[in-house]
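What follows is my_file_14.cif (mmCIF, C-alpha atoms and all ligand atoms).
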```cif
data_protein
loop_
_atom_site.label_atom_id
_atom_site.label_comp_id
_atom_site.auth_asym_id
_atom_site.auth_seq_id
_atom_site.Cartn_x
_atom_site.Cartn_y
_atom_site.Cartn_z
CA MET A 1 169.33 116.00 16.64
CA ILE A 2 171.99 117.70 18.80
CA ILE A 3 173.22 115.86 21.90
CA LEU A 4 175.24 117.36 24.75
CA SER A 5 176.90 114.66 26.85
CA PHE A 6 178.93 114.37 30.04
CA GLU A 7 181.35 111.91 31.61
CA SER A 8 182.99 112.05 35.05
CA SER A 9 183.12 108.46 36.31
CA CYS A 10 186.83 108.43 37.19
CA ASP A 11 189.63 110.92 36.50
CA GLU A 12 188.53 112.58 33.27
CA THR A 13 185.90 115.32 33.10
CA SER A 14 184.48 115.42 29.62
CA ALA A 15 181.74 117.22 27.70
CA ALA A 16 180.89 116.58 24.06
CA VAL A 17 178.46 117.73 21.41
CA LEU A 18 177.25 115.28 18.75
CA SER A 19 174.87 115.72 15.90
CA VAL A 20 172.99 112.70 14.61
CA ASP A 21 170.98 112.26 11.44
CA GLU A 22 170.14 109.47 8.98
CA ASN A 23 173.84 109.25 8.04
CA GLY A 24 174.93 108.61 11.63
CA PHE A 25 176.85 110.58 14.23
CA THR A 26 179.15 113.57 13.81
CA VAL A 27 181.34 114.51 16.76
CA LEU A 28 181.22 118.32 16.84
CA SER A 29 183.38 118.54 19.97
CA ASN A 30 184.76 116.19 22.61
CA VAL A 31 186.56 118.13 25.34
CA ILE A 32 188.46 116.12 27.96
CA ALA A 33 190.02 117.60 31.10
CA SER A 34 192.38 114.95 32.42
CA GLN A 35 193.46 114.77 36.06
CA ILE A 36 196.28 112.33 35.39
CA GLU A 37 199.05 114.75 36.38
CA THR A 38 197.39 115.27 39.79
CA HIS A 39 196.83 111.58 40.55
CA LYS A 40 200.29 110.59 39.27
CA LEU A 41 201.72 112.01 42.50
CA TYR A 42 199.83 109.32 44.45
CA GLY A 43 200.31 106.43 42.01
CA GLY A 44 196.55 106.08 41.45
CA VAL A 45 193.23 107.93 41.53
CA VAL A 46 192.37 109.59 44.85
CA PRO A 47 188.54 109.72 44.82
CA GLU A 48 188.13 112.91 46.89
CA ILE A 49 190.63 114.80 44.75
CA ALA A 50 188.91 113.49 41.61
CA SER A 51 185.49 114.79 42.75
CA ARG A 52 186.85 118.26 43.49
CA ALA A 53 188.68 118.45 40.19
CA HIS A 54 185.48 117.47 38.32
CA ILE A 55 183.62 120.30 40.09
CA GLU A 56 186.31 122.78 39.08
CA ALA A 57 186.36 121.62 35.46
CA VAL A 58 182.76 120.93 34.52
CA SER A 59 181.44 124.43 33.72
CA GLY A 60 184.50 125.43 31.73
CA ILE A 61 184.57 122.32 29.57
CA THR A 62 180.81 122.63 28.91
CA TYR A 63 181.26 126.16 27.53
CA GLN A 64 184.27 124.94 25.57
CA ALA A 65 182.39 121.96 24.09
CA LEU A 66 179.48 124.21 23.00
CA ASP A 67 181.86 126.87 21.61
CA GLU A 68 183.94 124.36 19.65
CA ALA A 69 180.77 122.80 18.25
CA LYS A 70 179.37 126.28 17.46
CA VAL A 71 176.14 125.25 19.13
CA SER A 72 174.10 127.16 21.69
CA LEU A 73 172.34 125.49 24.60
CA SER A 74 168.98 126.41 23.06
CA SER A 75 169.64 124.10 20.10
CA VAL A 76 170.50 121.07 22.29
CA ASP A 77 167.80 118.36 21.94
CA LEU A 78 169.11 115.85 24.46
CA ILE A 79 171.47 115.71 27.45
CA ALA A 80 173.22 112.41 28.24
CA VAL A 81 175.29 111.67 31.31
CA THR A 82 177.23 108.73 32.74
CA ALA A 83 175.40 107.69 35.91
CA HIS A 84 177.04 104.29 36.67
CA PRO A 85 179.38 102.55 37.41
CA GLY A 86 182.36 104.51 38.74
CA LEU A 87 183.56 106.52 41.71
CA ILE A 88 180.39 107.75 43.38
CA GLY A 89 181.63 111.27 44.23
CA ALA A 90 183.00 111.69 40.73
CA LEU A 91 179.82 110.46 39.03
CA LEU A 92 177.65 112.74 41.15
CA VAL A 93 179.33 115.86 39.78
CA CYS A 94 178.21 115.41 36.17
CA VAL A 95 174.92 113.73 37.11
CA ASN A 96 173.90 116.80 39.12
CA PHE A 97 175.28 119.23 36.57
CA ALA A 98 173.42 117.49 33.72
CA LYS A 99 170.21 117.26 35.75
CA SER A 100 170.29 120.98 36.52
CA LEU A 101 171.05 121.93 32.95
CA ALA A 102 168.25 119.70 31.64
CA ALA A 103 165.70 120.98 34.17
CA ALA A 104 166.60 124.66 33.77
CA ASN A 105 166.42 124.51 29.97
CA GLY A 106 163.61 121.99 29.51
CA ILE A 107 165.86 119.51 27.68
CA PRO A 108 165.23 115.73 27.90
CA LEU A 109 167.82 113.81 29.95
CA VAL A 110 169.12 110.23 29.67
CA ASP A 111 171.45 108.35 31.96
CA VAL A 112 174.09 106.15 30.38
CA ASP A 113 176.03 103.18 31.66
CA HIS A 114 179.77 103.84 31.39
CA ILE A 115 180.57 100.45 29.85
CA LYS A 116 177.76 100.69 27.32
CA GLY A 117 179.24 104.11 26.55
CA HIS A 118 182.68 102.62 25.91
CA ILE A 119 181.15 100.11 23.52
CA ALA A 120 179.21 102.91 21.79
CA ALA A 121 182.55 104.54 20.85
CA SER A 122 182.44 102.16 17.87
CA TYR A 123 179.18 103.77 16.71
CA LEU A 124 181.16 106.95 16.11
CA THR A 125 183.39 105.26 13.53
CA ALA A 126 182.73 105.15 9.78
CA ASP A 127 181.82 101.47 9.69
CA ALA A 128 179.84 101.13 12.93
CA PRO A 129 178.86 97.65 14.20
CA LYS A 130 175.15 96.84 14.23
CA PRO A 131 173.61 94.58 16.88
CA PRO A 132 173.79 91.72 17.38
CA PHE A 133 177.56 91.73 17.90
CA ILE A 134 180.10 90.66 20.51
CA ALA A 135 181.68 93.42 22.59
CA LEU A 136 184.83 93.22 24.65
CA ALA A 137 185.08 95.81 27.41
CA LEU A 138 188.70 96.15 28.52
CA SER A 139 189.25 99.02 30.91
CA GLY A 140 190.67 100.04 34.26
CA GLY A 141 187.63 98.63 36.04
CA HIS A 142 186.23 96.03 33.63
CA THR A 143 187.18 92.95 31.68
CA ALA A 144 184.02 91.55 30.20
CA ILE A 145 182.50 90.05 27.08
CA TYR A 146 178.95 91.02 26.12
CA LEU A 147 176.45 89.86 23.59
CA VAL A 148 175.00 93.15 22.39
CA GLU A 149 171.50 92.00 21.46
CA SER A 150 170.18 95.45 20.62
CA TYR A 151 171.53 98.98 21.08
CA VAL A 152 170.19 98.93 24.63
CA ASP A 153 170.03 95.24 25.60
CA TYR A 154 173.26 93.59 26.66
CA LYS A 155 173.88 90.09 27.93
CA ILE A 156 177.09 89.43 29.82
CA ILE A 157 178.72 86.21 28.56
CA GLY A 158 182.13 86.47 30.23
CA THR A 159 183.71 88.55 32.96
CA THR A 160 186.60 88.80 35.37
CA ARG A 161 185.91 87.13 38.68
CA ASP A 162 188.22 89.61 40.46
CA ASP A 163 190.56 92.29 39.10
CA ALA A 164 190.32 94.09 35.78
CA ILE A 165 192.97 93.95 33.09
CA GLY A 166 193.71 97.71 33.10
CA GLU A 167 193.99 97.83 36.87
CA SER A 168 196.44 94.92 36.71
CA PHE A 169 198.63 96.74 34.15
CA ASP A 170 198.52 99.83 36.38
CA LYS A 171 199.47 97.94 39.57
CA ILE A 172 202.26 95.85 38.09
CA GLY A 173 203.47 98.80 36.04
CA ARG A 174 203.73 100.91 39.17
CA ILE A 175 205.93 98.25 40.84
CA ILE A 176 208.34 98.26 37.90
CA GLY A 177 208.49 102.06 37.88
CA ILE A 178 206.02 103.08 35.16
CA PRO A 179 204.08 106.22 36.18
CA TYR A 180 200.27 106.08 36.59
CA PRO A 181 198.36 105.14 34.51
CA ALA A 182 200.86 102.52 33.43
CA GLY A 183 198.96 100.95 30.50
CA ALA A 184 200.54 102.89 27.64
CA GLY A 185 204.04 102.70 29.17
CA PHE A 186 203.57 98.96 29.77
CA ASP A 187 202.58 98.54 26.13
CA LYS A 188 205.77 100.29 24.97
CA LEU A 189 208.06 98.45 27.38
CA SER A 190 206.54 95.10 26.35
CA ARG A 191 207.22 95.92 22.72
CA GLU A 192 210.89 96.47 23.60
CA GLY A 193 210.86 93.13 25.43
CA PHE A 194 209.26 91.26 22.52
CA ILE A 195 211.83 92.73 20.12
CA LEU A 196 214.68 91.90 22.52
CA ALA A 197 213.38 88.32 22.82
CA THR A 198 212.95 87.70 19.11
CA GLY A 199 215.31 90.14 17.40
CA ASP A 200 212.39 90.89 15.06
CA GLU A 201 210.97 94.41 14.80
CA LYS A 202 207.81 93.32 13.03
CA ASN A 203 206.67 89.79 13.78
CA PHE A 204 207.90 89.84 17.36
CA TYR A 205 204.63 88.76 18.97
CA LYS A 206 204.20 85.69 16.76
CA LYS A 207 207.79 84.59 17.35
CA TYR A 208 207.83 85.30 21.08
CA ARG A 209 206.55 81.98 22.51
CA LYS A 210 209.21 79.99 20.65
CA SER A 211 212.04 82.37 21.58
CA GLU A 212 214.39 81.59 24.43
CA ALA A 213 212.88 84.35 26.58
CA GLY A 214 209.39 83.12 25.71
CA LYS A 215 210.28 79.65 27.00
CA ASP A 216 212.21 80.88 30.05
CA LYS A 217 210.72 79.02 33.03
CA SER A 218 212.11 81.49 35.56
CA MET A 219 209.55 83.99 34.21
CA LEU A 220 206.60 81.62 34.43
CA LEU A 221 203.26 83.43 34.91
CA PRO A 222 199.78 81.88 35.00
CA SER A 223 197.16 82.56 32.37
CA PRO A 224 194.30 84.82 33.49
CA ALA A 225 191.92 82.75 31.33
CA LEU A 226 189.85 80.41 33.50
CA HIS A 227 189.92 76.82 32.25
CA ASP A 228 186.44 75.89 33.38
CA GLY A 229 184.51 76.11 30.16
CA SER A 230 183.40 79.68 30.91
CA LEU A 231 184.36 82.88 29.12
CA ASP A 232 185.62 84.26 32.43
CA PHE A 233 188.97 85.61 33.59
CA SER A 234 190.87 85.97 36.84
CA PHE A 235 193.52 88.67 36.79
CA SER A 236 194.32 88.53 40.49
CA GLY A 237 196.23 85.24 40.07
CA LEU A 238 198.39 86.70 37.31
CA LYS A 239 198.93 89.87 39.34
CA THR A 240 199.91 88.00 42.52
CA ALA A 241 202.26 85.67 40.62
CA ALA A 242 203.90 88.69 38.96
CA ILE A 243 204.35 90.43 42.34
CA ASN A 244 205.87 87.26 43.81
CA LEU A 245 208.21 86.94 40.84
CA LEU A 246 209.35 90.55 41.26
CA HIS A 247 209.90 89.95 45.01
CA ARG A 248 211.97 86.91 44.21
CA PHE A 249 214.16 88.87 41.81
CA GLU A 250 214.55 91.57 44.43
CA GLN A 251 215.38 89.19 47.28
CA THR A 252 217.80 86.94 45.38
CA GLY A 253 219.41 89.79 43.47
CA GLU A 254 218.86 87.69 40.34
CA PRO A 255 219.26 90.05 37.39
CA PHE A 256 216.16 90.43 35.25
CA ASP A 257 215.19 92.53 32.33
CA LYS A 258 212.10 94.68 32.94
CA SER A 259 211.16 94.71 29.28
CA LEU A 260 211.24 90.89 29.11
CA PHE A 261 209.12 90.72 32.24
CA ALA A 262 206.62 93.23 30.79
CA ALA A 263 206.53 91.25 27.53
CA ARG A 264 205.72 88.03 29.39
CA TYR A 265 202.97 89.72 31.39
CA THR A 266 201.45 91.30 28.28
CA TYR A 267 201.72 88.00 26.42
CA GLU A 268 199.72 86.11 29.05
CA ALA A 269 197.08 88.86 29.28
CA THR A 270 196.76 89.15 25.50
CA GLU A 271 196.58 85.39 24.88
CA ALA A 272 193.84 85.07 27.51
CA VAL A 273 191.74 87.87 25.96
CA ALA A 274 192.31 86.42 22.47
CA GLY A 275 191.47 82.86 23.57
CA LYS A 276 188.18 83.85 25.19
CA THR A 277 187.30 86.05 22.21
CA ALA A 278 187.91 83.14 19.84
CA GLU A 279 185.69 80.95 22.02
CA ALA A 280 182.96 83.63 21.99
CA CYS A 281 183.20 83.65 18.17
CA ARG A 282 182.68 79.88 18.15
CA ARG A 283 179.68 80.13 20.47
CA TYR A 284 178.09 83.02 18.57
CA PRO A 285 179.24 82.42 14.99
CA GLY A 286 179.26 85.15 12.39
CA LEU A 287 178.93 88.09 14.77
CA ASP A 288 181.21 91.13 14.49
CA ILE A 289 183.48 91.95 17.44
CA ALA A 290 183.78 95.45 18.89
CA VAL A 291 186.55 96.23 21.36
CA ALA A 292 186.16 99.03 23.90
CA GLY A 293 187.78 100.75 26.88
CA GLY A 294 191.18 102.19 27.72
CA VAL A 295 192.97 98.85 27.29
CA ALA A 296 191.56 98.61 23.74
CA ALA A 297 194.43 101.03 22.96
CA ASN A 298 196.95 98.25 23.65
CA SER A 299 198.89 97.62 20.46
CA HIS A 300 199.53 93.91 21.18
CA ILE A 301 195.89 93.21 22.02
CA ARG A 302 194.75 95.10 18.91
CA ALA A 303 197.11 93.11 16.66
CA LYS A 304 196.22 89.76 18.22
CA LEU A 305 192.47 90.42 18.03
CA SER A 306 192.86 91.30 14.34
CA GLU A 307 194.29 87.79 13.87
CA VAL A 308 191.45 86.21 15.87
CA SER A 309 188.80 87.99 13.81
CA ALA A 310 190.49 87.01 10.52
CA GLN A 311 190.75 83.37 11.63
CA ASN A 312 187.05 83.34 12.50
CA GLY A 313 186.01 85.23 9.37
CA VAL A 314 184.34 88.02 11.33
CA LYS A 315 184.78 91.75 11.34
CA LEU A 316 186.69 93.53 14.11
CA HIS A 317 185.82 97.08 15.19
CA LEU A 318 188.66 98.86 16.96
CA PRO A 319 187.87 102.44 17.99
CA PRO A 320 190.56 105.05 17.25
CA LEU A 321 192.92 105.57 20.19
CA SER A 322 191.29 108.95 20.89
CA LEU A 323 187.98 107.21 21.69
CA CYS A 324 189.36 104.27 23.72
CA GLY A 325 189.82 106.19 26.98
CA ASP A 326 187.06 107.95 28.90
CA ASN A 327 185.31 110.65 26.88
CA ALA A 328 181.83 112.15 26.64
CA ALA A 329 181.32 111.59 22.90
CA MET A 330 180.86 107.84 23.48
CA ILE A 331 178.29 108.64 26.20
CA GLY A 332 176.36 110.84 23.76
CA ALA A 333 176.27 108.00 21.21
CA GLN A 334 174.81 105.53 23.71
CA GLY A 335 172.54 108.27 25.09
CA TYR A 336 170.95 108.61 21.65
CA TYR A 337 169.96 104.93 21.63
CA GLU A 338 168.71 105.04 25.22
CA TYR A 339 166.54 108.02 24.27
CA ARG A 340 165.22 106.26 21.17
CA ALA A 341 164.26 103.31 23.41
CA GLY A 342 162.26 105.73 25.58
CA ARG A 343 164.56 105.43 28.57
CA THR A 344 164.57 109.04 29.68
CA ALA A 345 165.52 110.09 33.20
CA ASP A 346 164.02 112.76 35.44
CA SER A 347 165.08 114.79 38.45
CA SER A 348 165.07 111.66 40.63
CA LEU A 349 168.12 110.36 38.73
CA ASN A 350 170.92 109.32 41.05
CA ALA A 351 174.45 108.06 40.44
CA SER A 352 175.48 104.54 41.38
CA ALA A 353 178.96 103.12 41.91
CA LEU A 354 177.75 99.66 40.98
CA ASP A 355 177.64 97.79 37.71
CA SER A 356 174.22 97.81 36.19
CA ILE A 357 174.85 95.44 33.28
CA VAL A 358 174.88 92.09 35.04
O1 LIG B 1 188.45 103.04 29.98
P1 LIG B 1 189.45 103.78 30.78
O2 LIG B 1 189.96 105.10 30.24
O3 LIG B 1 188.91 104.05 32.22
C1 LIG B 1 188.10 103.12 32.90
O4 LIG B 1 186.89 103.08 32.59
O5 LIG B 1 188.69 102.37 33.69
O6 LIG B 1 190.67 102.79 31.00
C2 LIG B 1 191.81 103.16 31.70
C3 LIG B 1 192.77 102.00 31.68
C4 LIG B 1 193.96 102.23 32.60
O7 LIG B 1 194.11 101.08 33.39
C5 LIG B 1 195.11 102.40 31.63
O8 LIG B 1 196.36 102.00 32.16
C6 LIG B 1 194.68 101.51 30.49
O9 LIG B 1 193.30 101.80 30.36
N1 LIG B 1 195.39 101.74 29.22
C7 LIG B 1 196.11 100.80 28.61
C8 LIG B 1 196.68 101.41 27.46
N2 LIG B 1 196.25 102.71 27.42
C9 LIG B 1 195.45 102.89 28.52
N3 LIG B 1 196.35 99.52 28.94
C10 LIG B 1 197.15 98.81 28.12
N4 LIG B 1 197.74 99.31 27.01
C11 LIG B 1 197.53 100.60 26.64
N5 LIG B 1 198.10 101.08 25.53
ZN ZN B 2 186.19 103.97 31.16
#
```
Once you've parsed the file, please lay out its structure as structure tokens.
Amino acid sequence: MIILSFESSCDETSAAVLSVDENGFTVLSNVIASQIETHKLYGGVVPEIASRAHIEAVSGITYQALDEAKVSLSSVDLIAVTAHPGLIGALLVCVNFAKSLAAANGIPLVDVDHIKGHIAASYLTADAPKPPFIALALSGGHTAIYLVESYVDYKIIGTTRDDAIGESFDKIGRIIGIPYPAGAGFDKLSREGFILATGDEKNFYKKYRKSEAGKDKSMLLPSPALHDGSLDFSFSGLKTAAINLLHRFEQTGEPFDKSLFAARYTYEATEAVAGKTAEACRRYPGLDIAVAGGVAANSHIRAKLSEVSAQNGVKLHLPPLSLCGDNAAMIGAQGYYEYRAGRTADSSLNASALDSIV
């Protein structure tokens, strides 16, 4: 089966071609047109600009995806498109494009949830997880833990009650001068901070808490893990405390090292994600863990989750960095399972900004 898929929920327009057979998926192409350089000027995504840029990019990247895959539209068996959640104007571009293409060529259409798509990135790896498993969705808009009961049935077992982890890295990163999107720069700066704090180039994370900088009370930040027996998070408290801390440094002129600040912030975020993941492993013993979303690229979170999985004797699935961010290949993978479950869409398909996995 050949699948043509689309993604335009935020600031990446993407089209991909996958083939799937009894041996699994093969990504024949995965073209991504990023708008980061445009939005960088404004320090974040401007929805109207994003929608226009998707319109400009979508035809070109579709031709490119088909060309790279050496596939013609007449051999496409299924079209999959992200329909929710995301920026409504942005989503609408690929939803309408995919609908038209499907209708004009008589190709079946499926709509895909963006977060399910992120989790499906793991299905494109050599050793794909099989349901049931635990999935962590860590992105610009989501911080959630799911019990993936089947390829199409998800149960949410933990979530953020306010802000998402990626958005918090972006906001705090922006304040300390890291260009949008700040996640990757934050990761690198934190690494410098951990090494500065511990003097260790390798085991810096493990040694951080006991280092002088790790114990420094003037850098105190609250954990985003809620201590109420749930698997939930609150990133707004961490974000506000970090902003207040930065204001204090600014107002008092107290010198502070940005890398040590970034390290502390990353440490609290990582420990919270790791703690809730460990608790999920205890509640659902023996299940593999799959990590998904842009923040799944974070080197500290990846390393810490490897420890958590080893301690709990379960397997960890980390997608390659190229499949952590938004891309259409992951949407094609989930689209295949939606199609197999008979969940096809028709011309009444609409986009929705809202979460549908609740
Ligand atoms: O999944 P994604 O591409 O888009 C959404 O669905 O939101 O995630 C984007 C987020 C941004 O907040 C970006 O800063 C963050 O992923 N990100 C990272 C890293 N690389 C990207 N966050 C932390 N560490 C990284 N290495
Ligand atoms: Zn995403």
Give the residues close to ligand LIG 1 (chain B), within 9 Å, counting all atoms listed in the file; write them as a ChimeraX atom specification. /A:9-12,85-86,114-115,118,137-142,164-171,173,180-188,266,292-301,321,324-327
Near Asp127 of chain A, within 12 Å and counting only C-alpha atoms, which residues show up once chain neighbours fewer than 2 positions away are dropped, as a PyMOL selection string? chain A and resi 23-25+121-125+129-130+288+290+315-319
Please identify all polymer residues within 10 Å of Leu66 of chain A, counting all atoms listed in the file, omitting same-chain residues fewer than 4 positions from it, and present them as a ChimeraX atom specification. /A:4,15-17,28-31,61-62,70-73,76
Residues at most 8 Å from Ile145 of chain A, counting only C-alpha atoms, excluding those fewer than 2 positions away in the same chain, as a list in words?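 Skipping anything fewer than 2 positions along the chain leaves Ile134, Ala135, Leu136, Ala137, Thr143, Leu147, Ile156, Ile157, Gly158, Thr159, Leu231 and Thr277 of chain A.
Here atom CA of Thr198 of chain A and atom CA of Gly313 of chain A stand 28.8 Å from one another.
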One decimal place gives the atom CA of Ile119 of chain A-atom CA of Ala333 of chain A separation as 9.6 Å
Between A:His227, A:Asn96, A:Thr82, A:Asp232, which has the minimum distance to ligand ZN 2 (chain B) (counting only C-alpha atoms and all ligand atoms)?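 For ligand ZN 2 (chain B), the nearest of the candidates is A:Thr82.
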Ranking A:Ile331, A:Val110, A:Val95, A:Leu287 by minimum distance to Glu149 of chain A and counting only C-alpha atoms, which one comes first?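 Ranked by minimum distance to Glu149 of chain A, first place goes to A:Leu287.
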Two-atom distance - atom CA of Ala65 of chain A, atom CA of Gln35 of chain A (Å): 17.8 Å
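Remark: residues at most 12 Å from position (217.2, 87.9, 41.7) in file coordinates are Ser218, Met219, Asn244, Leu245, Leu246, His247, Arg248, Phe249, Glu250, Gln251, Thr252, Gly253, Glu254, Pro255, Phe256 and Asp257 of chain A, using all atoms listed in the file.
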Place a sphere of radius 6 Å on (195.9, 86.9, 34.2) in the file coordinates and name every protein, DNA or RNA residue with an atom inside or on its surface, counting all atoms listed in the file; give the answer as a tab-separated table (two decimals) with C-alpha atoms, in the frame of the given file.
```tsv
chain	number	residue	atom	x	y	z
A	223	SER	CA	197.16	82.56	32.37
A	224	PRO	CA	194.30	84.82	33.49
A	234	SER	CA	190.87	85.97	36.84
A	235	PHE	CA	193.52	88.67	36.79
A	238	LEU	CA	198.39	86.70	37.31
A	269	ALA	CA	197.08	88.86	29.28
```
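The shortest atom-to-atom distance to ligand ZN 2 (chain B), with all atoms listed in the file taken into account, belongs to A:Leu323 out of A:Ile178, A:Ala262, A:Ala33, A:Leu323.
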Judged by only C-alpha atoms, the minimum distance to Ala241 of chain A among A:Ile195, A:Ile172, A:Cys281, A:Ile79 is found for A:Ile172
